[in-house]
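*Asks:* My file is target_5.pdb. It has PDB, C-alpha atoms, pLDDT in the B column:
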ATOM      1  CA  MET P   2      60.688  55.953 121.678  1.00 78.00           C
ATOM      2  CA  LYS P   3      63.432  58.221 120.283  1.00 75.00           C
ATOM      3  CA  LYS P   4      65.026  58.606 123.735  1.00 76.00           C
ATOM      4  CA  THR P   5      64.918  54.839 124.244  1.00 77.00           C
ATOM      5  CA  ILE P   6      66.770  54.276 120.972  1.00 77.00           C
ATOM      6  CA  ILE P   7      69.379  56.917 121.813  1.00 77.00           C
ATOM      7  CA  ILE P   8      69.924  55.421 125.272  1.00 76.00           C
ATOM      8  CA  LEU P   9      70.271  51.958 123.738  1.00 70.00           C
ATOM      9  CA  ILE P  10      72.830  53.243 121.214  1.00 77.00           C
ATOM     10  CA  CYS P  11      74.789  55.032 123.951  1.00 70.00           C
ATOM     11  CA  THR P  12      74.795  51.917 126.131  1.00 69.00           C
ATOM     12  CA  LEU P  13      76.028  49.737 123.275  1.00 66.00           C
ATOM     13  CA  CYS P  14      78.722  52.257 122.349  1.00 64.00           C
ATOM     14  CA  MET P  15      79.923  52.455 125.942  1.00 67.00           C
ATOM     15  CA  THR P  16      80.005  48.662 126.227  1.00 62.00           C
ATOM     16  CA  PHE P  17      81.963  48.147 123.010  1.00 59.00           C
ATOM     17  CA  GLY P  18      84.172  51.148 123.756  1.00 58.00           C
ATOM     18  CA  ILE P  19      85.203  49.607 127.070  1.00 52.00           C
ATOM     19  CA  PHE P  20      86.138  46.314 125.385  1.00 52.00           C
ATOM     20  CA  ALA P  21      87.932  48.076 122.530  1.00 50.00           C
ATOM     21  CA  GLN P  22      90.070  50.123 124.954  1.00 49.00           C
ATOM     22  CA  LYS P  23      90.935  47.217 127.263  1.00 48.00           C
ATOM     23  CA  GLY P  24      94.673  46.689 127.224  1.00 46.00           C
ATOM     24  CA  LYS P  25      95.542  49.972 125.515  1.00 46.00           C
ATOM     25  CA  LYS P  26      97.825  52.095 127.650  1.00 45.00           C
ATOM     26  CA  THR P  27      98.456  55.139 125.466  1.00 42.00           C
ATOM     27  CA  ILE P  28      96.929  57.046 122.596  1.00 41.00           C
ATOM     28  CA  LYS P  29      99.390  57.460 119.747  1.00 40.00           C
ATOM     29  CA  GLY P  30      99.672  59.285 116.453  1.00 36.00           C
ATOM     30  CA  LYS P  31      97.069  61.717 115.190  1.00 37.00           C
ATOM     31  CA  LEU P  32      94.732  61.112 118.132  1.00 38.00           C
ATOM     32  CA  GLN P  33      97.157  62.750 120.547  1.00 37.00           C
ATOM     33  CA  HIS P  34      95.963  66.362 120.677  1.00 38.00           C
ATOM     34  CA  SER P  35      94.506  68.741 123.261  1.00 43.00           C
ATOM     35  CA  ALA P  36      90.854  67.800 122.620  1.00 47.00           C
ATOM     36  CA  ILE P  37      91.610  64.182 123.537  1.00 46.00           C
ATOM     37  CA  SER P  38      93.696  65.010 126.613  1.00 51.00           C
ATOM     38  CA  GLU P  39      91.114  67.458 127.987  1.00 85.00           C
ATOM     39  CA  VAL P  40      88.917  65.997 130.708  1.00 94.00           C
ATOM     40  CA  LEU P  41      85.542  67.025 132.093  1.00 95.00           C
ATOM     41  CA  LYS P  42      86.118  69.248 135.118  1.00 94.00           C
ATOM     42  CA  GLU P  43      82.696  68.762 136.753  1.00 94.00           C
ATOM     43  CA  ASP P  44      80.037  66.048 136.815  1.00 96.00           C
ATOM     44  CA  GLY P  45      77.446  66.696 134.130  1.00 94.00           C
ATOM     45  CA  GLN P  46      74.688  65.335 131.947  1.00 96.00           C
ATOM     46  CA  ASP P  47      74.992  64.192 128.347  1.00 96.00           C
ATOM     47  CA  PRO P  48      72.812  66.630 126.345  1.00 96.00           C
ATOM     48  CA  ILE P  49      71.892  63.916 123.826  1.00 96.00           C
ATOM     49  CA  CYS P  50      70.631  61.027 125.987  1.00 95.00           C
ATOM     50  CA  LYS P  51      70.570  62.724 129.414  1.00 95.00           C
ATOM     51  CA  MET P  52      72.825  60.101 131.024  1.00 96.00           C
ATOM     52  CA  SER P  53      75.111  61.214 133.858  1.00 96.00           C
ATOM     53  CA  VAL P  54      78.712  61.944 132.894  1.00 96.00           C
ATOM     54  CA  SER P  55      81.353  61.803 135.619  1.00 95.00           C
ATOM     55  CA  LYS P  56      84.098  64.312 136.230  1.00 94.00           C
ATOM     56  CA  GLY P  57      87.260  63.140 134.466  1.00 95.00           C
ATOM     57  CA  SER P  58      85.520  61.850 131.330  1.00 95.00           C
ATOM     58  CA  LYS P  59      87.616  62.275 128.192  1.00 94.00           C
ATOM     59  CA  ARG P  60      84.581  62.596 125.901  1.00 95.00           C
ATOM     60  CA  VAL P  61      84.341  66.388 126.013  1.00 95.00           C
ATOM     61  CA  SER P  62      83.434  69.224 123.671  1.00 95.00           C
ATOM     62  CA  VAL P  63      83.608  72.929 124.390  1.00 94.00           C
ATOM     63  CA  TYR P  64      80.642  75.006 123.227  1.00 92.00           C
ATOM     64  CA  LYS P  65      80.349  78.735 123.879  1.00 91.00           C
ATOM     65  CA  GLY P  66      83.171  78.498 126.403  1.00 90.00           C
ATOM     66  CA  LYS P  67      81.556  75.718 128.453  1.00 92.00           C
ATOM     67  CA  GLN P  68      82.560  72.078 128.673  1.00 94.00           C
ATOM     68  CA  VAL P  69      79.995  69.496 127.631  1.00 95.00           C
ATOM     69  CA  GLY P  70      80.518  65.833 128.576  1.00 96.00           C
ATOM     70  CA  PHE P  71      79.224  62.743 126.783  1.00 96.00           C
ATOM     71  CA  CYS P  72      78.522  59.116 127.718  1.00 95.00           C
ATOM     72  CA  SER P  73      79.769  57.837 124.347  1.00 95.00           C
ATOM     73  CA  VAL P  74      81.555  58.817 121.163  1.00 95.00           C
ATOM     74  CA  VAL P  75      78.247  58.527 119.279  1.00 96.00           C
ATOM     75  CA  CYS P  76      76.587  61.162 121.485  1.00 96.00           C
ATOM     76  CA  LYS P  77      79.650  63.431 121.170  1.00 96.00           C
ATOM     77  CA  GLU P  78      79.606  63.155 117.372  1.00 96.00           C
ATOM     78  CA  MET P  79      75.867  63.931 117.248  1.00 95.00           C
ATOM     79  CA  PHE P  80      76.431  67.019 119.407  1.00 96.00           C
ATOM     80  CA  ASP P  81      79.479  68.194 117.450  1.00 96.00           C
ATOM     81  CA  LYS P  82      77.478  68.134 114.192  1.00 96.00           C
ATOM     82  CA  ASN P  83      74.815  70.509 115.558  1.00 94.00           C
ATOM     83  CA  PRO P  84      75.505  71.770 119.108  1.00 94.00           C
ATOM     84  CA  ALA P  85      72.817  74.477 118.964  1.00 93.00           C
ATOM     85  CA  LYS P  86      70.149  71.800 118.535  1.00 93.00           C
ATOM     86  CA  TYR P  87      71.083  70.206 121.858  1.00 91.00           C
ATOM     87  CA  THR P  88      71.757  73.358 123.870  1.00 87.00           C
ATOM     88  CA  SER P  89      68.609  75.191 122.829  1.00 75.00           C
ATOM     89  CA  HIS P  90      65.831  75.484 125.420  1.00 63.00           C
ATOM     90  CA  HIS P  91      63.153  75.184 122.701  1.00 51.00           C
ATOM     91  CA  HIS P  92      62.802  71.383 122.446  1.00 45.00           C
TER      92      HIS P  92
END
Spit out the file's structure as structure tokens when you get a sec.

*Replies:*
Amino acid sequence: MKKTIIILICTLCMTFGIFAQKGKKTIKGKLQHSAISEVLKEDGQDPICKMSVSKGSKRVSVYKGKQVGFCSVVCKEMFDKNPAKYTSHHH
């Protein structure tokens, strides 16, 4: 049930994110920094909802020297608050 809710949230965030970004050509102001311009170097899996994340995604965090990609901003924010919870092998 929890995974279903997370997947639903991620899907909704991706859908609204696509519509919100439509027509925008550049990122300006405070959002223009290295974390935003960094892209995922390899295909991966979102550690929150387990959805596939394609190489080139801009939703990226670096944890313990490794890139982690996300399907949505919501999943990235959840990870960034407690990365150890989602990288631990003791689920």

*Asks:* Using all atoms listed in the file, which residue out of P:Ala85, P:Met79, P:Met2, P:Cys72 lies closest to P:Met52?

*Replies:*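 Using all atoms listed in the file, P:Met52 sits closest to P:Cys72.
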
*Asks:* Excluding P:Asp47 and residues on its chain fewer than 4 positions from it, collect all residues at most 8 Å away from it, counting all atoms listed in the file, and give them as a ChimeraX atom specification.

*Replies:* /P:51-54,69-72,76

*Asks:* Under the PyMOL selection byres ((chain P and resi 80) around 12), which residues of this model are included? Write them out as number ranges by chain.

*Replies:* P: 47-50, 60-64, 69-79, 81-89

*Asks:* I'd like the interatomic distance between atom CA of P:Asp44 and atom CA of P:Leu9, to a tenth of an Å.

*Replies:*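 These two atoms are separated by 21.6 Å.
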
*Asks:* Could you tell me how far atom CA of P:Gln46 sits from atom CA of P:Cys11, in Å to one decimal place?

*Replies:*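 If I compute the distance from atom CA of P:Cys11 to atom CA of P:Gln46, I get 13.0 Å.
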
*Asks:* Quote the spacing between atom CA of P:Thr5 and atom CA of P:Lys65 in Å to one decimal place.

*Replies:*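 Spanning atom CA of P:Thr5 to atom CA of P:Lys65 is a straight-line distance of 28.4 Å.
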
*Asks:* Go through P:Lys3, P:Ile10, P:Lys56, P:Gln68 and flag the residue nearest P:Glu43, using all atoms listed in the file for the distances.

*Replies:*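 Under the stated criterion, the closest residue is P:Lys56.
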
*Asks:* Please, could N, CA and C atoms be added to stretch 64-79 of chain P and the result written as a PDB file, in the frame of the given file?

*Replies:*
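Writing done, so here's rebuild-v9.pdb:
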ATOM      1  N   TYR P  64      81.611  74.240 124.012  1.00 92.00           N
ATOM      2  CA  TYR P  64      80.642  75.006 123.227  1.00 92.00           C
ATOM      3  C   TYR P  64      80.334  76.292 123.969  1.00 92.00           C
ATOM      4  N   LYS P  65      80.556  77.410 123.293  1.00 91.00           N
ATOM      5  CA  LYS P  65      80.349  78.735 123.879  1.00 91.00           C
ATOM      6  C   LYS P  65      81.081  78.877 125.207  1.00 91.00           C
ATOM      7  N   GLY P  66      82.313  78.357 125.230  1.00 90.00           N
ATOM      8  CA  GLY P  66      83.171  78.498 126.403  1.00 90.00           C
ATOM      9  C   GLY P  66      82.871  77.547 127.547  1.00 90.00           C
ATOM     10  N   LYS P  67      81.902  76.651 127.389  1.00 92.00           N
ATOM     11  CA  LYS P  67      81.556  75.718 128.453  1.00 92.00           C
ATOM     12  C   LYS P  67      81.834  74.286 128.022  1.00 92.00           C
ATOM     13  N   GLN P  68      82.330  73.486 128.954  1.00 94.00           N
ATOM     14  CA  GLN P  68      82.560  72.078 128.673  1.00 94.00           C
ATOM     15  C   GLN P  68      81.233  71.328 128.646  1.00 94.00           C
ATOM     16  N   VAL P  69      81.151  70.375 127.735  1.00 95.00           N
ATOM     17  CA  VAL P  69      79.995  69.496 127.631  1.00 95.00           C
ATOM     18  C   VAL P  69      80.544  68.073 127.597  1.00 95.00           C
ATOM     19  N   GLY P  70      80.044  67.207 128.495  1.00 96.00           N
ATOM     20  CA  GLY P  70      80.518  65.833 128.576  1.00 96.00           C
ATOM     21  C   GLY P  70      79.529  64.863 127.938  1.00 96.00           C
ATOM     22  N   PHE P  71      80.045  63.726 127.496  1.00 96.00           N
ATOM     23  CA  PHE P  71      79.224  62.743 126.783  1.00 96.00           C
ATOM     24  C   PHE P  71      79.472  61.346 127.317  1.00 96.00           C
ATOM     25  N   CYS P  72      78.415  60.504 127.255  1.00 95.00           N
ATOM     26  CA  CYS P  72      78.522  59.116 127.718  1.00 95.00           C
ATOM     27  C   CYS P  72      79.216  58.247 126.681  1.00 95.00           C
ATOM     28  N   SER P  73      79.193  58.660 125.413  1.00 95.00           N
ATOM     29  CA  SER P  73      79.769  57.837 124.347  1.00 95.00           C
ATOM     30  C   SER P  73      80.268  58.714 123.203  1.00 95.00           C
ATOM     31  N   VAL P  74      81.052  58.120 122.349  1.00 95.00           N
ATOM     32  CA  VAL P  74      81.555  58.817 121.163  1.00 95.00           C
ATOM     33  C   VAL P  74      80.396  59.165 120.226  1.00 95.00           C
ATOM     34  N   VAL P  75      79.399  58.278 120.149  1.00 96.00           N
ATOM     35  CA  VAL P  75      78.247  58.527 119.279  1.00 96.00           C
ATOM     36  C   VAL P  75      77.521  59.804 119.703  1.00 96.00           C
ATOM     37  N   CYS P  76      77.262  59.951 121.007  1.00 96.00           N
ATOM     38  CA  CYS P  76      76.587  61.162 121.485  1.00 96.00           C
ATOM     39  C   CYS P  76      77.454  62.401 121.209  1.00 96.00           C
ATOM     40  N   LYS P  77      78.753  62.296 121.424  1.00 96.00           N
ATOM     41  CA  LYS P  77      79.650  63.431 121.170  1.00 96.00           C
ATOM     42  C   LYS P  77      79.611  63.837 119.699  1.00 96.00           C
ATOM     43  N   GLU P  78      79.645  62.853 118.804  1.00 96.00           N
ATOM     44  CA  GLU P  78      79.606  63.155 117.372  1.00 96.00           C
ATOM     45  C   GLU P  78      78.283  63.803 116.979  1.00 96.00           C
ATOM     46  N   MET P  79      77.173  63.325 117.545  1.00 95.00           N
ATOM     47  CA  MET P  79      75.867  63.931 117.248  1.00 95.00           C
ATOM     48  C   MET P  79      75.853  65.393 117.689  1.00 95.00           C
TER      49      MET P  79
END
